[in-house]
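Structure data follow from start28.txt (compact mmCIF, C-alpha atoms):
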```txt
# COMPACT_ATOMS: atom_id res chain seq x y z
CA MET A 62 29.29 -32.86 -68.61
CA PRO A 63 26.69 -30.08 -68.16
CA ARG A 64 25.63 -28.42 -71.42
CA VAL A 65 23.91 -25.21 -72.38
CA LEU A 66 20.27 -26.14 -72.58
CA HIS A 67 18.32 -22.92 -73.05
CA PHE A 68 18.64 -19.18 -73.60
CA ASP A 69 16.54 -16.37 -72.15
CA LEU A 70 15.65 -13.09 -73.79
CA ASN A 71 14.13 -10.22 -71.82
CA ALA A 72 11.56 -7.82 -73.25
CA SER A 73 9.72 -4.81 -71.88
CA ASN A 74 7.31 -5.15 -74.82
CA PRO A 75 6.87 -8.88 -75.52
CA ASP A 76 4.50 -8.36 -78.46
CA ARG A 77 7.05 -6.15 -80.21
CA ALA A 78 9.88 -8.62 -79.52
CA ILE A 79 7.82 -11.59 -80.70
CA ASN A 80 6.96 -9.75 -83.91
CA PHE A 81 10.64 -8.95 -84.49
CA TYR A 82 11.96 -12.50 -84.00
CA GLU A 83 9.11 -14.12 -85.92
CA LYS A 84 9.69 -11.83 -88.92
CA VAL A 85 13.50 -11.88 -88.85
CA PHE A 86 14.22 -15.53 -88.00
CA GLY A 87 10.88 -17.34 -88.28
CA TRP A 88 11.00 -18.39 -84.61
CA THR A 89 7.71 -19.44 -82.97
CA PHE A 90 6.53 -18.34 -79.52
CA ASN A 91 4.11 -20.08 -77.16
CA LYS A 92 2.91 -18.52 -73.91
CA TRP A 93 3.86 -20.62 -70.91
CA GLU A 94 1.02 -21.42 -68.52
CA GLY A 95 3.08 -20.70 -65.41
CA PRO A 96 3.01 -18.23 -62.53
CA PHE A 97 4.67 -15.38 -64.50
CA ASP A 98 4.70 -13.97 -68.04
CA TYR A 99 7.00 -16.18 -70.09
CA TRP A 100 7.06 -17.44 -73.67
CA MET A 101 8.78 -20.59 -74.94
CA ILE A 102 10.74 -20.01 -78.16
CA LYS A 103 11.26 -22.67 -80.82
CA THR A 104 14.24 -21.73 -83.00
CA GLY A 105 14.36 -24.74 -85.32
CA GLU A 106 13.45 -28.31 -85.99
CA GLU A 107 14.32 -31.10 -83.59
CA ASN A 108 17.41 -33.13 -84.46
CA THR A 109 19.16 -30.07 -85.89
CA PRO A 110 22.02 -28.24 -84.15
CA GLY A 111 21.07 -25.46 -81.75
CA ILE A 112 18.93 -24.78 -78.71
CA ASP A 113 15.51 -23.35 -78.04
CA GLY A 114 14.82 -20.64 -75.51
CA GLY A 115 12.36 -18.44 -73.76
CA MET A 116 11.43 -14.82 -73.24
CA ASN A 117 10.60 -13.10 -69.99
CA LYS A 118 8.57 -9.90 -69.65
CA THR A 119 10.58 -7.42 -67.63
CA GLU A 120 10.65 -3.74 -66.79
CA ASP A 121 14.39 -3.85 -66.04
CA PRO A 122 16.31 -2.56 -69.09
CA GLY A 123 19.56 -3.75 -67.51
CA LEU A 124 18.70 -7.43 -67.92
CA LYS A 125 20.55 -9.08 -70.78
CA THR A 126 20.25 -12.32 -72.68
CA SER A 127 21.43 -15.26 -70.62
CA VAL A 128 21.97 -18.96 -71.09
CA THR A 129 20.92 -21.81 -68.84
CA ILE A 130 23.10 -24.83 -68.15
CA ASP A 131 21.56 -28.24 -67.46
CA VAL A 132 22.94 -29.66 -64.18
CA SER A 133 22.26 -32.91 -62.37
CA SER A 134 22.28 -31.34 -58.89
CA LEU A 135 21.71 -27.62 -58.40
CA ASP A 136 22.95 -27.80 -54.80
CA GLU A 137 26.24 -29.40 -55.92
CA TYR A 138 26.87 -26.81 -58.62
CA ILE A 139 25.99 -23.91 -56.31
CA ARG A 140 28.72 -25.18 -53.97
CA ASN A 141 31.16 -25.61 -56.90
CA ILE A 142 30.53 -22.05 -58.10
CA GLN A 143 31.05 -20.56 -54.64
CA GLU A 144 34.20 -22.63 -54.03
CA ASN A 145 35.69 -21.43 -57.33
CA GLY A 146 35.11 -17.69 -57.00
CA GLY A 147 31.63 -17.31 -58.50
CA THR A 148 28.65 -15.62 -56.87
CA ILE A 149 25.13 -16.99 -56.54
CA LEU A 150 22.69 -14.23 -57.53
CA ASP A 151 19.34 -15.94 -57.11
CA GLU A 152 19.00 -18.75 -54.63
CA LYS A 153 17.51 -22.05 -55.74
CA MET A 154 13.90 -21.56 -56.80
CA ALA A 155 11.26 -24.01 -57.95
CA ILE A 156 9.68 -23.63 -61.36
CA PRO A 157 6.50 -25.70 -60.91
CA GLY A 158 6.41 -28.80 -63.07
CA VAL A 159 9.83 -28.05 -64.58
CA GLY A 160 12.60 -28.13 -61.99
CA TYR A 161 14.88 -25.94 -59.91
CA PHE A 162 16.71 -22.83 -61.14
CA ALA A 163 19.41 -20.48 -59.86
CA GLN A 164 21.47 -17.70 -61.42
CA PHE A 165 25.13 -17.02 -60.83
CA LYS A 166 27.90 -14.64 -61.84
CA ASP A 167 31.19 -16.15 -62.96
CA THR A 168 34.62 -14.75 -62.15
CA GLU A 169 34.45 -12.47 -65.22
CA GLY A 170 31.04 -10.94 -64.45
CA ASN A 171 29.00 -13.07 -66.87
CA ILE A 172 25.54 -14.01 -65.61
CA LEU A 173 24.26 -17.50 -66.35
CA GLY A 174 21.51 -19.77 -65.11
CA MET A 175 21.45 -23.41 -64.03
CA MET A 176 18.48 -25.76 -64.21
CA GLU A 177 18.00 -29.10 -62.44
CA ASP A 178 15.27 -31.09 -64.16
CA ASN A 179 12.59 -32.15 -61.69
CA PRO A 180 8.96 -32.27 -62.86
CA SER A 181 7.75 -32.61 -59.25
CA ALA A 182 9.14 -29.18 -58.31
CA ILE A 183 6.57 -26.92 -56.65
```

Can I see the file as structure tokens?
Amino acid sequence: MPRVLHFDLNASNPDRAINFYEKVFGWTFNKWEGPFDYWMIKTGEENTPGIDGGMNKTEDPGLKTSVTIDVSSLDEYIRNIQENGGTILDEKMAIPGVGYFAQFKDTEGNILGMMEDNPSAI
């Protein structure tokens, strides 16, 4: 059964957001060495309940926090979403060295992401 694997925050001022979350919750941030500005967020110790996340630099104030669901086959779940009344917002895209990602809107207007693990993605 696919599970929530990750959350994404969006920030127009990443330094300010990092400062806030470090001071309030003690979370740690590490800049990802990928093709866009992104920070990995560690929210707690391994083997404790909860998930870690990431933060994207954005200039779009309309973007909200989202969650990412781990799926075994992105293509299969894209079909399932479309067949059941959902809408694919971002087509399947490769995140180099990580896997494949797509965003969708459910029947209630919630926006979520899906990730297929595949370290050979380019």

Nearest candidate to Asp136 of chain A (options A:Asp69, A:Asp113, A:Glu169, A:Glu177; using only C-alpha atoms):
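Of all the options, A:Glu177 lies closest to Asp136 of chain A.
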
Smallest atom-to-atom distance to Ser134 of chain A: which of A:Gly114, A:Leu173, A:Asn179, A:Asn71, using all atoms listed in the file?
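Looking only at the distances to Ser134 of chain A, the closest residue turns out to be A:Asn179.
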
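With all atoms listed in the file as the basis for measurement, A:Met116 is the residue among A:Met116, A:Met154, A:Ala72, A:Leu66 that approaches Phe90 of chain A most closely.
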
Using all atoms listed in the file, which residue out of A:Arg140, A:Lys166, A:Lys153, A:Lys125 lies closest to Phe68 of chain A?
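Result for the nearest residue to Phe68 of chain A: A:Lys125.
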
Extract, using all atoms listed in the file, all DNA, RNA and protein residues at most 10 Å from segment 78-87 of chain A, discarding same-chain residues fewer than 2 positions from it, and format them as a ChimeraX atom specification.
/A:70-76,89-91,100,102-105,116

Counting all atoms listed in the file, which residue out of A:Met101, A:Ala182, A:Ala155, A:Ile172 sits closest to Thr129 of chain A?
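Counting all atoms listed in the file, the residue closest to Thr129 of chain A is A:Ile172.
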
What does the distance between atom CA of Met62 of chain A and atom CA of Val132 of chain A come to in Å, to one decimal place?
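Result for atom CA of Met62 of chain A versus atom CA of Val132 of chain A: 8.4 Å, one decimal.
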
Residue nearest Thr168 of chain A - candidates A:Ile142, A:Leu124, A:Ile130, A:Ile156, atoms counted: only C-alpha atoms:
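Ranked by minimum distance to Thr168 of chain A, first place goes to A:Ile142.
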
Any idea what's packed within 6 Å of Pro180 of chain A, counting all atoms listed in the file, ignoring anything in its chain fewer than 2 positions away? Could you give it as a VMD selection string?
chain A and resid 158 to 160 182

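Straight-line separation from atom CA of Asp167 of chain A to atom CA of Ile112 of chain A: 21.7 Å.
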
Atomic distance atom CA of Thr148 of chain A - atom CA of Ser181 of chain A, expressed in Å with one decimal
27.0 Å

Please identify all polymer residues within 10 Å of Pro96 of chain A, counting all atoms listed in the file, omitting same-chain residues fewer than 3 positions from it, and present them as a PyMOL selection string.
chain A and resi 93+99+156-157

Around all listed atoms of segment 150-156 of chain A, padded 6 Å per side, what centre and edge lengths does the axis-aligned box have in Å to one decimal, as lines of an AutoDock Vina configuration file?
```
center_x = 16.2
center_y = -19.1
center_z = -58.0
size_x = 25.0
size_y = 21.8
size_z = 18.7
```
